[in-house]
Amino acid sequence: MQRIGFIVLPSFQMMSVASLSVFELANGEIGEPVYDVHLLSETGGLIRSSIGISVATEPFDDRNFDTLIVGGSAVVGSLTPGVIKFLRQALERSRRVAATCTGAFVLAEAGLLDGRRATTHWQRARELQARFPKAKVEEDRIFIIDGPVWTSAGMTAGIDLALVMIEKDLGADLARAVARKLVVYHRRAGGQSQFSALLELEPKSDRIQSALAYAKKNLHMALSVEQLAEAAHLSPRQFSRAFRAETGQSPAKAVENLRVEAARLMMEQSRHPIDVIARQTGFCRPGPHAARLPARLRTATAGNAAKRACGGRRLSHGRTP
């Protein structure tokens, strides 16, 4: 059984504890307790959250934890020497040490992020870099794994982090099953500009939402305005007007953003050859409506590789007007 320790700091935010549900559901899916979860604090006892709810914790002791996680706190300040010592020892005694959201500041203050890549909530990322210049902060990532140290973005990204942990421990099928139970993505798209393409659009009607869902599932296709209008049960003219009114974008621009987001995700999180990524996201479709790979990907090394993979020809993002 793997022992998970979750360090609860004063004024911790309740959402940060949500990541522990991933381990709970993994136990349920397997049918036996694989993960043994403990809430920890320096002195033990009740620790009050930022909203006023208190949780019971166990004091630090000599037990070894396979995984130690530091939750985000509404108060980012200096830590006691006891917490810092415990974390430094954990890096030697635990297989992995992790932080969700502003918990990265805790790891940084203990020196665990020196020379390592890390992320935190995008609103605090530049502050983290400024306060701890030895860390290599990447502000547009959902999570980062650098050796035994794991960090995640905002508090809900702790769920993404925990899903990856159980995937590495017990396989992708279990991680997908747990994600389905939580009604979250097994692998979230994009960075933490997570204002992702779909969230940025914020369509109000079910019809436009249906069209966008259809587009996201069929990015390998040309995706004409007629196809999207059919998915929305509107005429092409009605669809184009309604789409722009609700999203502020043309259908063509929205589809291109979805393609770019999907391609970037596959580049970052898969080992697919670049030509496969280009075709699956619709950037390798010959024909009269072909278009060049958008600059956002074309300027990247992977984007240039995608262009070469298509034989140097013009690349299509579909014929949506």
# chains A, B, ... in the order shown; residues from 1 in each chain; ligands from 1
call {"tool": "residues_around", "arguments": {"residues": "range 201-209 of chain A", "least_positions_apart": "5", "cutoff": "7 Å", "atoms": "only C-alpha atoms", "output": "list of chain:residue names"}}
result
A:Ala232, A:Phe243, A:Glu246, A:Thr247
call {"tool": "write_last_selection", "arguments": {"atoms": "N, CA, C and O atoms", "output": "PDB file, in the first residue's frame"}}
result
ATOM      1  N   ALA A 232     -25.754  22.151 -35.455  1.00  0.00           N
ATOM      2  CA  ALA A 232     -26.501  23.096 -34.625  1.00  0.00           C
ATOM      3  C   ALA A 232     -27.981  23.148 -34.992  1.00  0.00           C
ATOM      4  O   ALA A 232     -28.745  23.870 -34.346  1.00  0.00           O
ATOM      5  N   PHE A 243     -23.429  32.340 -34.418  1.00  0.00           N
ATOM      6  CA  PHE A 243     -22.113  31.992 -33.880  1.00  0.00           C
ATOM      7  C   PHE A 243     -21.327  33.249 -33.536  1.00  0.00           C
ATOM      8  O   PHE A 243     -20.777  33.376 -32.438  1.00  0.00           O
ATOM      9  N   GLU A 246     -22.773  35.151 -30.499  1.00  0.00           N
ATOM     10  CA  GLU A 246     -22.566  34.530 -29.189  1.00  0.00           C
ATOM     11  C   GLU A 246     -21.113  34.469 -28.764  1.00  0.00           C
ATOM     12  O   GLU A 246     -20.805  34.516 -27.563  1.00  0.00           O
ATOM     13  N   THR A 247     -20.206  34.334 -29.735  1.00  0.00           N
ATOM     14  CA  THR A 247     -18.802  34.104 -29.380  1.00  0.00           C
ATOM     15  C   THR A 247     -17.889  35.282 -29.704  1.00  0.00           C
ATOM     16  O   THR A 247     -16.783  35.349 -29.173  1.00  0.00           O
TER      17      THR A 247
END
call {"tool": "residues_around", "arguments": {"residues": "Phe65 in chain A", "least_positions_apart": "2", "cutoff": "9 Å", "atoms": "only C-alpha atoms", "output": "short mmCIF file (atom, residue, chain, number, x, y, z; two decimals) with C-alpha atoms, in the first residue's frame"}}
result
data_model
loop_
_atom_site.label_atom_id
_atom_site.label_comp_id
_atom_site.auth_asym_id
_atom_site.auth_seq_id
_atom_site.Cartn_x
_atom_site.Cartn_y
_atom_site.Cartn_z
CA GLN A 2 1.26 3.48 -0.88
CA ARG A 3 1.11 6.04 1.90
CA ILE A 4 0.07 9.53 0.77
CA GLY A 5 0.73 12.48 3.07
CA ARG A 63 6.90 7.68 9.06
CA THR A 67 4.09 10.69 -1.90
CA LEU A 68 3.97 13.95 0.01
CA ALA A 90 10.88 14.19 2.45
CA ARG A 93 12.75 9.75 1.93
CA SER A 94 9.75 9.99 -0.47
CA ARG A 95 9.42 8.86 -4.07
CA ARG A 96 7.77 12.13 -5.01
#
call {"tool": "select_by_dssp", "arguments": {"residues": "range 48-280 of chain A", "states": "helix (DSSP H, G or I)", "output": "MDAnalysis selection string"}}
result
chainID A and resid 81:93 103:109 125:131 157:170 172:182 197:201 206:217 225:232 236:247 251:269 274:280
call {"tool": "closest_residue", "arguments": {"among": "A:Leu9, A:Leu20, A:Ala263, A:Met165", "to": "Arg279 in chain A", "atoms": "only C-alpha atoms"}}
result
A:Ala263
call {"tool": "select_by_dssp", "arguments": {"residues": "range 65-291 of chain A", "states": "strand (DSSP E)", "output": "list in words"}}
result
Thr67, Leu68, Ile69, Val70, Arg96, Val97, Ala98, Ala99, Arg117, Ala118, Lys136, Val137, Phe143, Ile144, Ile145, Asp146, Val149, Trp150, Thr151 and Ser152 of chain A
call {"tool": "residues_around", "arguments": {"residues": "Val137 in chain A", "least_positions_apart": "3", "cutoff": "6 Å", "atoms": "only C-alpha atoms", "output": "VMD selection string"}}
result
chain A and resid 117 to 119 129
call {"tool": "write_last_selection", "arguments": {"atoms": "C-alpha atoms", "output": "PDB file, in the first residue's frame"}}
result
ATOM      1  CA  ARG A 117      11.099  23.484 -13.520  1.00  0.00           C
ATOM      2  CA  ALA A 118       7.862  24.286 -11.711  1.00  0.00           C
ATOM      3  CA  THR A 119       4.480  25.936 -12.100  1.00  0.00           C
ATOM      4  CA  GLN A 129       9.886  33.494 -10.074  1.00  0.00           C
TER       5      GLN A 129
END
call {"tool": "residues_around", "arguments": {"residues": "range 99-105 of chain A", "least_positions_apart": "2", "cutoff": "8 Å", "atoms": "only C-alpha atoms", "output": "PDB file with all heavy atoms, in the first residue's frame"}}
result
ATOM      1  N   SER A  16      -8.153  22.671  -2.492  1.00  0.00           N
ATOM      2  CA  SER A  16      -6.862  21.997  -2.675  1.00  0.00           C
ATOM      3  C   SER A  16      -6.918  20.549  -2.211  1.00  0.00           C
ATOM      4  O   SER A  16      -6.160  19.700  -2.685  1.00  0.00           O
ATOM      5  CB  SER A  16      -5.762  22.749  -1.914  1.00  0.00           C
ATOM      6  OG  SER A  16      -5.959  22.680  -0.511  1.00  0.00           O
ATOM      7  N   ILE A  69       2.305  15.662  -0.483  1.00  0.00           N
ATOM      8  CA  ILE A  69       1.689  16.746  -1.246  1.00  0.00           C
ATOM      9  C   ILE A  69       1.467  17.935  -0.316  1.00  0.00           C
ATOM     10  O   ILE A  69       0.983  17.781   0.804  1.00  0.00           O
ATOM     11  CB  ILE A  69       0.338  16.309  -1.850  1.00  0.00           C
ATOM     12  CG1 ILE A  69       0.516  15.049  -2.708  1.00  0.00           C
ATOM     13  CG2 ILE A  69      -0.265  17.443  -2.679  1.00  0.00           C
ATOM     14  CD1 ILE A  69      -0.802  14.443  -3.184  1.00  0.00           C
ATOM     15  N   VAL A  70       1.802  19.133  -0.799  1.00  0.00           N
ATOM     16  CA  VAL A  70       1.530  20.368  -0.065  1.00  0.00           C
ATOM     17  C   VAL A  70       0.374  21.078  -0.750  1.00  0.00           C
ATOM     18  O   VAL A  70       0.435  21.376  -1.945  1.00  0.00           O
ATOM     19  CB  VAL A  70       2.758  21.298  -0.033  1.00  0.00           C
ATOM     20  CG1 VAL A  70       2.440  22.559   0.772  1.00  0.00           C
ATOM     21  CG2 VAL A  70       3.959  20.582   0.553  1.00  0.00           C
ATOM     22  N   GLY A  71      -0.693  21.354  -0.009  1.00  0.00           N
ATOM     23  CA  GLY A  71      -1.851  22.029  -0.582  1.00  0.00           C
ATOM     24  C   GLY A  71      -1.679  23.533  -0.627  1.00  0.00           C
ATOM     25  O   GLY A  71      -0.854  24.115   0.085  1.00  0.00           O
ATOM     26  N   GLY A  72      -2.462  24.182  -1.477  1.00  0.00           N
ATOM     27  CA  GLY A  72      -2.432  25.628  -1.584  1.00  0.00           C
ATOM     28  C   GLY A  72      -3.068  26.292  -0.381  1.00  0.00           C
ATOM     29  O   GLY A  72      -3.979  25.753   0.240  1.00  0.00           O
ATOM     30  N   SER A  73      -2.566  27.474  -0.035  1.00  0.00           N
ATOM     31  CA  SER A  73      -3.074  28.225   1.109  1.00  0.00           C
ATOM     32  C   SER A  73      -3.401  29.634   0.676  1.00  0.00           C
ATOM     33  O   SER A  73      -2.773  30.183  -0.241  1.00  0.00           O
ATOM     34  CB  SER A  73      -2.040  28.250   2.234  1.00  0.00           C
ATOM     35  OG  SER A  73      -2.457  29.105   3.286  1.00  0.00           O
ATOM     36  N   VAL A  76       0.226  33.145   1.763  1.00  0.00           N
ATOM     37  CA  VAL A  76       1.548  32.715   1.320  1.00  0.00           C
ATOM     38  C   VAL A  76       2.577  33.508   2.112  1.00  0.00           C
ATOM     39  O   VAL A  76       2.809  34.681   1.861  1.00  0.00           O
ATOM     40  CB  VAL A  76       1.734  32.933  -0.196  1.00  0.00           C
ATOM     41  CG1 VAL A  76       3.123  32.475  -0.621  1.00  0.00           C
ATOM     42  CG2 VAL A  76       0.662  32.194  -0.972  1.00  0.00           C
ATOM     43  N   VAL A  97       7.542  14.380  -4.193  1.00  0.00           N
ATOM     44  CA  VAL A  97       7.040  15.478  -3.369  1.00  0.00           C
ATOM     45  C   VAL A  97       6.321  16.432  -4.313  1.00  0.00           C
ATOM     46  O   VAL A  97       6.868  16.820  -5.348  1.00  0.00           O
ATOM     47  CB  VAL A  97       8.186  16.200  -2.635  1.00  0.00           C
ATOM     48  CG1 VAL A  97       7.637  17.357  -1.803  1.00  0.00           C
ATOM     49  CG2 VAL A  97       8.945  15.220  -1.749  1.00  0.00           C
ATOM     50  N   LEU A 107       7.300  24.704  -1.313  1.00  0.00           N
ATOM     51  CA  LEU A 107       8.437  23.909  -1.787  1.00  0.00           C
ATOM     52  C   LEU A 107       9.630  24.802  -2.100  1.00  0.00           C
ATOM     53  O   LEU A 107      10.780  24.459  -1.808  1.00  0.00           O
ATOM     54  CB  LEU A 107       8.043  23.113  -3.037  1.00  0.00           C
ATOM     55  CG  LEU A 107       6.939  22.073  -2.901  1.00  0.00           C
ATOM     56  CD1 LEU A 107       6.844  21.239  -4.180  1.00  0.00           C
ATOM     57  CD2 LEU A 107       7.157  21.169  -1.703  1.00  0.00           C
ATOM     58  N   ALA A 108       9.347  25.965  -2.699  1.00  0.00           N
ATOM     59  CA  ALA A 108      10.429  26.880  -3.065  1.00  0.00           C
ATOM     60  C   ALA A 108      11.142  27.403  -1.829  1.00  0.00           C
ATOM     61  O   ALA A 108      12.380  27.498  -1.800  1.00  0.00           O
ATOM     62  CB  ALA A 108       9.880  28.036  -3.891  1.00  0.00           C
ATOM     63  N   GLU A 109      10.388  27.737  -0.794  1.00  0.00           N
ATOM     64  CA  GLU A 109      11.001  28.262   0.419  1.00  0.00           C
ATOM     65  C   GLU A 109      11.849  27.202   1.118  1.00  0.00           C
ATOM     66  O   GLU A 109      12.835  27.520   1.788  1.00  0.00           O
ATOM     67  CB  GLU A 109       9.935  28.800   1.365  1.00  0.00           C
ATOM     68  CG  GLU A 109      10.510  29.678   2.466  1.00  0.00           C
ATOM     69  CD  GLU A 109       9.538  30.717   2.975  1.00  0.00           C
ATOM     70  OE1 GLU A 109       8.518  30.986   2.305  1.00  0.00           O
ATOM     71  OE2 GLU A 109       9.803  31.242   4.063  1.00  0.00           O
ATOM     72  N   ALA A 118       9.042  24.337 -12.578  1.00  0.00           N
ATOM     73  CA  ALA A 118       7.862  24.286 -11.711  1.00  0.00           C
ATOM     74  C   ALA A 118       6.798  25.227 -12.239  1.00  0.00           C
ATOM     75  O   ALA A 118       7.064  26.112 -13.061  1.00  0.00           O
ATOM     76  CB  ALA A 118       8.232  24.681 -10.281  1.00  0.00           C
ATOM     77  N   THR A 119       5.574  25.030 -11.755  1.00  0.00           N
ATOM     78  CA  THR A 119       4.480  25.936 -12.100  1.00  0.00           C
ATOM     79  C   THR A 119       3.650  26.199 -10.854  1.00  0.00           C
ATOM     80  O   THR A 119       3.821  25.547  -9.821  1.00  0.00           O
ATOM     81  CB  THR A 119       3.609  25.362 -13.238  1.00  0.00           C
ATOM     82  OG1 THR A 119       2.750  26.396 -13.747  1.00  0.00           O
ATOM     83  CG2 THR A 119       2.756  24.184 -12.754  1.00  0.00           C
ATOM     84  N   THR A 120       2.768  27.182 -10.952  1.00  0.00           N
ATOM     85  CA  THR A 120       1.826  27.508  -9.891  1.00  0.00           C
ATOM     86  C   THR A 120       0.658  28.224 -10.552  1.00  0.00           C
ATOM     87  O   THR A 120       0.601  28.319 -11.779  1.00  0.00           O
ATOM     88  CB  THR A 120       2.486  28.374  -8.798  1.00  0.00           C
ATOM     89  OG1 THR A 120       1.576  28.528  -7.699  1.00  0.00           O
ATOM     90  CG2 THR A 120       2.872  29.750  -9.319  1.00  0.00           C
ATOM     91  N   HIS A 121      -0.275  28.725  -9.769  1.00  0.00           N
ATOM     92  CA  HIS A 121      -1.399  29.465 -10.343  1.00  0.00           C
ATOM     93  C   HIS A 121      -0.859  30.626 -11.169  1.00  0.00           C
ATOM     94  O   HIS A 121       0.073  31.325 -10.759  1.00  0.00           O
ATOM     95  CB  HIS A 121      -2.305  29.986  -9.227  1.00  0.00           C
ATOM     96  CG  HIS A 121      -3.619  30.517  -9.726  1.00  0.00           C
ATOM     97  ND1 HIS A 121      -3.731  31.741 -10.350  1.00  0.00           N
ATOM     98  CD2 HIS A 121      -4.866  29.978  -9.701  1.00  0.00           C
ATOM     99  CE1 HIS A 121      -4.998  31.947 -10.685  1.00  0.00           C
ATOM    100  NE2 HIS A 121      -5.698  30.884 -10.319  1.00  0.00           N
ATOM    101  N   ARG A 124       0.081  33.993  -9.715  1.00  0.00           N
ATOM    102  CA  ARG A 124       1.195  34.073  -8.756  1.00  0.00           C
ATOM    103  C   ARG A 124       2.517  33.619  -9.365  1.00  0.00           C
ATOM    104  O   ARG A 124       3.540  33.611  -8.671  1.00  0.00           O
ATOM    105  CB  ARG A 124       0.899  33.216  -7.520  1.00  0.00           C
ATOM    106  CG  ARG A 124      -0.437  33.463  -6.861  1.00  0.00           C
ATOM    107  CD  ARG A 124      -0.590  34.874  -6.335  1.00  0.00           C
ATOM    108  NE  ARG A 124       0.309  35.159  -5.238  1.00  0.00           N
ATOM    109  CZ  ARG A 124      -0.001  34.948  -3.950  1.00  0.00           C
ATOM    110  NH1 ARG A 124      -1.177  34.443  -3.624  1.00  0.00           N
ATOM    111  NH2 ARG A 124       0.857  35.261  -2.999  1.00  0.00           N
ATOM    112  N   LEU A 128       6.329  34.049  -7.889  1.00  0.00           N
ATOM    113  CA  LEU A 128       7.145  32.894  -7.516  1.00  0.00           C
ATOM    114  C   LEU A 128       8.530  32.992  -8.121  1.00  0.00           C
ATOM    115  O   LEU A 128       9.542  32.757  -7.448  1.00  0.00           O
ATOM    116  CB  LEU A 128       6.452  31.598  -7.964  1.00  0.00           C
ATOM    117  CG  LEU A 128       7.186  30.292  -7.655  1.00  0.00           C
ATOM    118  CD1 LEU A 128       7.278  30.061  -6.142  1.00  0.00           C
ATOM    119  CD2 LEU A 128       6.475  29.105  -8.323  1.00  0.00           C
ATOM    120  N   TRP A 150       6.856  17.433  -8.167  1.00  0.00           N
ATOM    121  CA  TRP A 150       5.693  17.668  -9.019  1.00  0.00           C
ATOM    122  C   TRP A 150       4.996  18.948  -8.561  1.00  0.00           C
ATOM    123  O   TRP A 150       4.797  19.156  -7.357  1.00  0.00           O
ATOM    124  CB  TRP A 150       4.696  16.522  -8.897  1.00  0.00           C
ATOM    125  CG  TRP A 150       5.194  15.151  -9.261  1.00  0.00           C
ATOM    126  CD1 TRP A 150       6.374  14.580  -8.905  1.00  0.00           C
ATOM    127  CD2 TRP A 150       4.493  14.174 -10.033  1.00  0.00           C
ATOM    128  NE1 TRP A 150       6.453  13.299  -9.401  1.00  0.00           N
ATOM    129  CE2 TRP A 150       5.310  13.026 -10.106  1.00  0.00           C
ATOM    130  CE3 TRP A 150       3.247  14.147 -10.665  1.00  0.00           C
ATOM    131  CZ2 TRP A 150       4.926  11.872 -10.776  1.00  0.00           C
ATOM    132  CZ3 TRP A 150       2.855  13.005 -11.343  1.00  0.00           C
ATOM    133  CH2 TRP A 150       3.691  11.890 -11.402  1.00  0.00           C
ATOM    134  N   THR A 151       4.603  19.791  -9.508  1.00  0.00           N
ATOM    135  CA  THR A 151       3.840  20.993  -9.167  1.00  0.00           C
ATOM    136  C   THR A 151       2.686  21.150 -10.146  1.00  0.00           C
ATOM    137  O   THR A 151       2.762  20.710 -11.292  1.00  0.00           O
ATOM    138  CB  THR A 151       4.717  22.261  -9.225  1.00  0.00           C
ATOM    139  OG1 THR A 151       5.420  22.307 -10.481  1.00  0.00           O
ATOM    140  CG2 THR A 151       5.718  22.293  -8.081  1.00  0.00           C
ATOM    141  N   SER A 152       1.603  21.773  -9.673  1.00  0.00           N
ATOM    142  CA  SER A 152       0.445  21.997 -10.543  1.00  0.00           C
ATOM    143  C   SER A 152      -0.003  23.444 -10.456  1.00  0.00           C
ATOM    144  O   SER A 152       0.382  24.185  -9.545  1.00  0.00           O
ATOM    145  CB  SER A 152      -0.716  21.066 -10.168  1.00  0.00           C
ATOM    146  OG  SER A 152      -1.317  21.477  -8.954  1.00  0.00           O
ATOM    147  N   ALA A 153      -0.837  23.825 -11.372  1.00  0.00           N
ATOM    148  CA  ALA A 153      -1.326  25.204 -11.482  1.00  0.00           C
ATOM    149  C   ALA A 153      -2.390  25.483 -10.420  1.00  0.00           C
ATOM    150  O   ALA A 153      -2.179  25.219  -9.246  1.00  0.00           O
ATOM    151  CB  ALA A 153      -1.855  25.436 -12.895  1.00  0.00           C
ATOM    152  N   GLY A 154      -3.546  26.032 -10.843  1.00  0.00           N
ATOM    153  CA  GLY A 154      -4.606  26.331  -9.891  1.00  0.00           C
ATOM    154  C   GLY A 154      -5.078  25.099  -9.141  1.00  0.00           C
ATOM    155  O   GLY A 154      -4.689  23.976  -9.440  1.00  0.00           O
ATOM    156  N   MET A 155      -5.951  25.331  -8.154  1.00  0.00           N
ATOM    157  CA  MET A 155      -6.311  24.237  -7.242  1.00  0.00           C
ATOM    158  C   MET A 155      -6.932  23.045  -7.952  1.00  0.00           C
ATOM    159  O   MET A 155      -6.663  21.900  -7.602  1.00  0.00           O
ATOM    160  CB  MET A 155      -7.246  24.779  -6.162  1.00  0.00           C
ATOM    161  CG  MET A 155      -6.527  25.627  -5.134  1.00  0.00           C
ATOM    162  SD  MET A 155      -7.662  26.334  -3.930  1.00  0.00           S
ATOM    163  CE  MET A 155      -8.505  27.555  -4.921  1.00  0.00           C
ATOM    164  N   ALA A 157      -6.218  22.018 -10.767  1.00  0.00           N
ATOM    165  CA  ALA A 157      -5.138  21.313 -11.473  1.00  0.00           C
ATOM    166  C   ALA A 157      -4.507  20.255 -10.585  1.00  0.00           C
ATOM    167  O   ALA A 157      -3.797  19.371 -11.085  1.00  0.00           O
ATOM    168  CB  ALA A 157      -4.079  22.308 -11.949  1.00  0.00           C
ATOM    169  N   GLY A 158      -4.744  20.336  -9.268  1.00  0.00           N
ATOM    170  CA  GLY A 158      -4.283  19.270  -8.394  1.00  0.00           C
ATOM    171  C   GLY A 158      -4.926  17.945  -8.736  1.00  0.00           C
ATOM    172  O   GLY A 158      -4.330  16.876  -8.540  1.00  0.00           O
TER     173      GLY A 158
END
call {"tool": "atom_distance", "arguments": {"atom1": "CA of Glu138 in chain A", "atom2": "CA of Glu256 in chain A"}}
result
24.9 Å
call {"tool": "closest_residue", "arguments": {"among": "A:Leu46, A:Ala26, A:Leu40, A:Leu219", "to": "Asp61 in chain A", "atoms": "only C-alpha atoms"}}
result
A:Leu40
call {"tool": "residues_around", "arguments": {"residues": "Ala179 in chain A", "least_positions_apart": "3", "cutoff": "12 Å", "atoms": "only C-alpha atoms", "output": "ChimeraX atom specification"}}
result
/A:19,21-23,25-26,29,159-164,166-167,172-176,182-188
call {"tool": "write_last_selection", "arguments": {"atoms": "N, CA and C atoms", "output": "PDB file, in the first residue's frame"}}
result
ATOM      1  N   SER A  19      -8.035  17.021  -4.590  1.00  0.00           N
ATOM      2  CA  SER A  19      -7.198  16.070  -5.325  1.00  0.00           C
ATOM      3  C   SER A  19      -7.135  14.711  -4.634  1.00  0.00           C
ATOM      4  N   SER A  21      -9.541  13.020  -3.615  1.00  0.00           N
ATOM      5  CA  SER A  21     -10.633  12.175  -4.109  1.00  0.00           C
ATOM      6  C   SER A  21     -10.154  11.235  -5.206  1.00  0.00           C
ATOM      7  N   VAL A  22      -9.113  11.643  -5.934  1.00  0.00           N
ATOM      8  CA  VAL A  22      -8.565  10.796  -6.991  1.00  0.00           C
ATOM      9  C   VAL A  22      -8.050   9.489  -6.404  1.00  0.00           C
ATOM     10  N   PHE A  23      -7.333   9.573  -5.290  1.00  0.00           N
ATOM     11  CA  PHE A  23      -6.794   8.361  -4.660  1.00  0.00           C
ATOM     12  C   PHE A  23      -7.919   7.521  -4.049  1.00  0.00           C
ATOM     13  N   LEU A  25     -11.040   7.296  -5.148  1.00  0.00           N
ATOM     14  CA  LEU A  25     -11.755   6.606  -6.224  1.00  0.00           C
ATOM     15  C   LEU A  25     -10.891   5.521  -6.860  1.00  0.00           C
ATOM     16  N   ALA A  26      -9.580   5.726  -6.890  1.00  0.00           N
ATOM     17  CA  ALA A  26      -8.687   4.680  -7.411  1.00  0.00           C
ATOM     18  C   ALA A  26      -8.798   3.434  -6.542  1.00  0.00           C
ATOM     19  N   GLU A  29     -12.060   1.734  -7.468  1.00  0.00           N
ATOM     20  CA  GLU A  29     -12.028   1.067  -8.771  1.00  0.00           C
ATOM     21  C   GLU A  29     -11.297  -0.266  -8.684  1.00  0.00           C
ATOM     22  N   ILE A 159      -6.152  17.991  -9.264  1.00  0.00           N
ATOM     23  CA  ILE A 159      -6.822  16.771  -9.716  1.00  0.00           C
ATOM     24  C   ILE A 159      -6.079  16.199 -10.924  1.00  0.00           C
ATOM     25  N   ASP A 160      -5.693  17.077 -11.861  1.00  0.00           N
ATOM     26  CA  ASP A 160      -4.910  16.630 -13.018  1.00  0.00           C
ATOM     27  C   ASP A 160      -3.617  15.960 -12.551  1.00  0.00           C
ATOM     28  N   LEU A 161      -2.970  16.582 -11.576  1.00  0.00           N
ATOM     29  CA  LEU A 161      -1.707  16.050 -11.063  1.00  0.00           C
ATOM     30  C   LEU A 161      -1.901  14.669 -10.441  1.00  0.00           C
ATOM     31  N   ALA A 162      -2.946  14.521  -9.632  1.00  0.00           N
ATOM     32  CA  ALA A 162      -3.199  13.235  -8.975  1.00  0.00           C
ATOM     33  C   ALA A 162      -3.561  12.161  -9.996  1.00  0.00           C
ATOM     34  N   LEU A 163      -4.288  12.533 -11.058  1.00  0.00           N
ATOM     35  CA  LEU A 163      -4.626  11.563 -12.107  1.00  0.00           C
ATOM     36  C   LEU A 163      -3.366  11.034 -12.791  1.00  0.00           C
ATOM     37  N   VAL A 164      -2.406  11.917 -13.023  1.00  0.00           N
ATOM     38  CA  VAL A 164      -1.149  11.472 -13.639  1.00  0.00           C
ATOM     39  C   VAL A 164      -0.381  10.559 -12.683  1.00  0.00           C
ATOM     40  N   ILE A 166      -1.682   8.422 -10.464  1.00  0.00           N
ATOM     41  CA  ILE A 166      -2.223   7.061 -10.483  1.00  0.00           C
ATOM     42  C   ILE A 166      -2.021   6.407 -11.845  1.00  0.00           C
ATOM     43  N   GLU A 167      -1.936   7.223 -12.907  1.00  0.00           N
ATOM     44  CA  GLU A 167      -1.629   6.639 -14.216  1.00  0.00           C
ATOM     45  C   GLU A 167      -0.231   6.040 -14.218  1.00  0.00           C
ATOM     46  N   ALA A 172      -2.990   3.783 -17.407  1.00  0.00           N
ATOM     47  CA  ALA A 172      -3.880   4.790 -17.988  1.00  0.00           C
ATOM     48  C   ALA A 172      -5.351   4.401 -17.893  1.00  0.00           C
ATOM     49  N   ASP A 173      -5.651   3.109 -17.973  1.00  0.00           N
ATOM     50  CA  ASP A 173      -7.056   2.689 -17.922  1.00  0.00           C
ATOM     51  C   ASP A 173      -7.690   3.068 -16.588  1.00  0.00           C
ATOM     52  N   LEU A 174      -6.959   2.879 -15.504  1.00  0.00           N
ATOM     53  CA  LEU A 174      -7.489   3.249 -14.191  1.00  0.00           C
ATOM     54  C   LEU A 174      -7.648   4.760 -14.091  1.00  0.00           C
ATOM     55  N   ALA A 175      -6.667   5.509 -14.583  1.00  0.00           N
ATOM     56  CA  ALA A 175      -6.755   6.967 -14.532  1.00  0.00           C
ATOM     57  C   ALA A 175      -7.960   7.466 -15.317  1.00  0.00           C
ATOM     58  N   ARG A 176      -8.211   6.864 -16.481  1.00  0.00           N
ATOM     59  CA  ARG A 176      -9.389   7.270 -17.278  1.00  0.00           C
ATOM     60  C   ARG A 176     -10.678   6.939 -16.541  1.00  0.00           C
ATOM     61  N   LEU A 182     -15.146  11.337 -11.871  1.00  0.00           N
ATOM     62  CA  LEU A 182     -15.060  12.723 -11.413  1.00  0.00           C
ATOM     63  C   LEU A 182     -15.650  13.708 -12.419  1.00  0.00           C
ATOM     64  N   VAL A 183     -15.985  13.189 -13.611  1.00  0.00           N
ATOM     65  CA  VAL A 183     -16.504  14.011 -14.716  1.00  0.00           C
ATOM     66  C   VAL A 183     -15.487  15.116 -15.049  1.00  0.00           C
ATOM     67  N   VAL A 184     -14.233  14.711 -15.232  1.00  0.00           N
ATOM     68  CA  VAL A 184     -13.183  15.625 -15.658  1.00  0.00           C
ATOM     69  C   VAL A 184     -12.426  14.972 -16.808  1.00  0.00           C
ATOM     70  N   TYR A 185     -11.623  15.772 -17.520  1.00  0.00           N
ATOM     71  CA  TYR A 185     -10.798  15.225 -18.581  1.00  0.00           C
ATOM     72  C   TYR A 185      -9.677  14.383 -17.988  1.00  0.00           C
ATOM     73  N   HIS A 186      -9.411  13.260 -18.649  1.00  0.00           N
ATOM     74  CA  HIS A 186      -8.253  12.449 -18.266  1.00  0.00           C
ATOM     75  C   HIS A 186      -6.973  13.252 -18.480  1.00  0.00           C
ATOM     76  N   ARG A 187      -6.880  13.946 -19.597  1.00  0.00           N
ATOM     77  CA  ARG A 187      -5.767  14.854 -19.869  1.00  0.00           C
ATOM     78  C   ARG A 187      -6.362  16.167 -20.366  1.00  0.00           C
ATOM     79  N   ARG A 188      -6.248  17.200 -19.579  1.00  0.00           N
ATOM     80  CA  ARG A 188      -6.852  18.471 -19.947  1.00  0.00           C
ATOM     81  C   ARG A 188      -6.119  19.108 -21.121  1.00  0.00           C
TER      82      ARG A 188
END
call {"tool": "atom_distance", "arguments": {"atom1": "CA of Leu170 in chain A", "atom2": "CA of Ile7 in chain A"}}
result
23.6 Å
